[in-house]
Amino acid sequence: MTDRKELIAGLQAKANRLRRDSLLVMKEMGIGWLGGCFSSADFITALFFYRMKHDPKNPRWEDRDRLIISKGHSCELFYAALAEAGYIPKEELCTYSHPGTRLQTHVDCRSPGIDCSGGSLGLGLSFAVGTAMGAYILSDCRNLTTFPRYQQARFRAYCVLGDGECNEGQVWEAAANASHYKLDNLTAIVDHNKFQSTAAVKVKMDPLSLAEKFKAFGWETREIDGNDMAEIVEILDWALTVTGKPQAIISHTIKGKGFPSLENTNCHYVKITDELLKKGLEALGE
Ligand SMILES: Cc1ncc(C[n+]2csc(CCOP(=O)(O)OP(=O)(O)O)c2C)c(N)n1
C-alpha cells in the first residue's frame with residue numbers, strides 16, 4: 001500500500017515538473033498550447049513513466065509500446081517528457097520552434113520517441129489501429145492473409161485524442177475498424193477537457209456521450225477523472241486485462257489543470273509573458 005502511495009505521489013510530482021518544464025518550452029516561442037498540455041499531463045506522465053514498455057536508449061526497439069499523440073498540438077509537455085526520459089538532451093528543449101529544430105509546434109516523428117507526426121486532427125486513431133494490427137502481424141508473418149491474428153501482440157498502442165477532435169468523422173471509421181479486428185492491444189484515451197480551440201466543445205458541435213459512442217462501436221469503455229493519478233494508474237492496469245476488444249478511456253480533465261487562474265477557461269493557445277511564466281512557475285512550486 002505504501003509502495004502504491006509512493007508511486008502515485010512520485011508520478012504526480014513528475015506530472016507537475018513536466019507542466020513546469022513545458023511552460024519553459026512554450027516561452028521559447030512566446031506562445032504555447034497550454035490548456036491541452038496541462039489537462040493531459042497526468043495521463044501522459046502515467047503512460048510514459050509507469051505503464052508503457054519502452055527504452056529511451058533504443059527508441060526504435062521493435063517491441064516497444066507506441067504512443068500516438070493524435071491531438072498533435074499538445075506537444076510541449078510531451079517534449080518535456082521526452083527530455084525527462086532521456087530521448088533527447090534537456091538542452092534541446094530550448095530549440096523549440098526554432099528554424100531546423102526537431103521540436104516543431106506539432107509532434108513530429110523526426111524526433112526520437114515520436115512514432116507519428118500530428119497536426120491535422122482526426123488521423124491518429126487510424127495510425128494507431130494500423131500500428132496495433134502490426135503488433136499481431138509481426139508476430140507471425142505467415143498469417144498476413146488470414147488476419148486477424150492468432151498469437152499474442154508483441155506490443156501495445158496508446159492513442160491520445162482531444163474531445164473536439166472526436167468530431168472528426170475519421171475517428172469513428174478507425175473506431176469501427178479497431179473493434180472489427182478485436183484489437184485488444186489498443187487503448188484510446190480521450191482528453192475530455194470540454195473545450196476546443198475557440199469555444200466549448202458542446203457549443204461547437206455537441207459530441208453527446210463519448211463513452212456511449214465508443215461502447216456502441218464495440219469498445220470496452222471506462223470514464224475516469226483524468227487528473228487523478230490513482231485513478232489513471234488503476235485504469236491503465238485494467239486496460240491490460242481486457243481481451244478481444246479495444247479500450248476507450250474517457251478522461252474527464254480540466255483544461256489548464258495546474259495553472260489556477262487558467263483552469264476551466266479556454267486557455268488553448270496562450271501568450272507566455274514574463275508575468276504569466278512567473279505565476280505558472282510559482283503555482284507549480286518553483
Ligand atoms: C483537421 C484539423 N482541423 C482544425 C484544426 C485546428 N485546430 C487545432 S487545435 C483545435 C482544437 C482541438 O480541440 P481538442 O481536440 O478538444 O483539443 P484540446 O482542447 O485538448 O487542445 C483545432 C480545431 C486542426 N489542427 N486540424
# chains A, B, ... in the order shown; residues from 1 in each chain; ligands from 1

$ residues_near_ligand --ligand "ligand 1" --cutoff "8 Å" --atoms "only C-alpha atoms and all ligand atoms" --output "count of residues only"
33

$ residues_around --residues "Leu125 (chain A)" --least-positions-apart "6" --cutoff "9 Å" --atoms "only C-alpha atoms" --output "list of chain:residue names"
A:Ile68, A:Ser70, A:Cys159, A:Val160, A:Leu161, A:Gln170, A:Val171, A:Trp172, A:Ala174, A:Ala175, A:Ala188

$ select_by_dssp --residues "region 2-237 of chain A" --states "helix (DSSP H, G or I)" --output "PyMOL selection string"
chain A and resi 2-29+34-51+76-85+90-95+124-137+141-146+165-167+169-180+201-205+210-216+229-237

$ closest_residue --among "A:Cys75, A:Ala13, A:Ala135, A:Ala80" --to "Glu92 (chain A)" --atoms "only C-alpha atoms"
A:Ala80

$ atom_distance --atom1 "CA of Met52 (chain A)" --atom2 "CA of Ser111 (chain A)"
18.2 Å

$ residues_around --residues "Trp238 (chain A)" --least-positions-apart "4" --cutoff "10 Å" --atoms "only C-alpha atoms" --output "ChimeraX atom specification"
/A:222,232-234,242,247

$ residues_around --residues "Arg102 (chain A)" --least-positions-apart "5" --cutoff "12 Å" --atoms "only C-alpha atoms" --output "list in words"
Cys75, Tyr79, Ile88, Pro89, Glu92, Leu93, Cys94, Thr95, Tyr96, Ser97, Val107, Asp108, Cys109, Arg110, Ser111, Pro112, Gly113, Ile114 and Ser117 of chain A

$ closest_residue --among "A:Leu262, A:Met205, A:Val270, A:Leu281" --to "Leu18 (chain A)" --atoms "only C-alpha atoms"
A:Leu281

$ closest_residue --among "A:Ser251, A:Gln152, A:Asn185, A:Ser261" --to "Leu276 (chain A)" --atoms "only C-alpha atoms"
A:Ser261

$ atom_distance --atom1 "CA of Val190 (chain A)" --atom2 "CA of Ala176 (chain A)"
16.2 Å

$ residues_around --residues "Leu23 (chain A)" --least-positions-apart "2" --cutoff "8 Å" --atoms "only C-alpha atoms" --output "ChimeraX atom specification"
/A:19-21,25-27,32,34,76,272,277,280

$ residues_around --residues "Glu212 (chain A)" --least-positions-apart "5" --cutoff "10 Å" --atoms "only C-alpha atoms" --output "list in words"
Phe217, Gly218, Trp219, Thr221 and Arg222 of chain A

$ residues_around --residues "Asp42 (chain A)" --least-positions-apart "6" --cutoff "8 Å" --atoms "only C-alpha atoms" --output "ChimeraX atom specification"
/A:11-12,15,226-229,232

$ atom_distance --atom1 "CA of Lys279 (chain A)" --atom2 "CA of Gly258 (chain A)"
11.1 Å
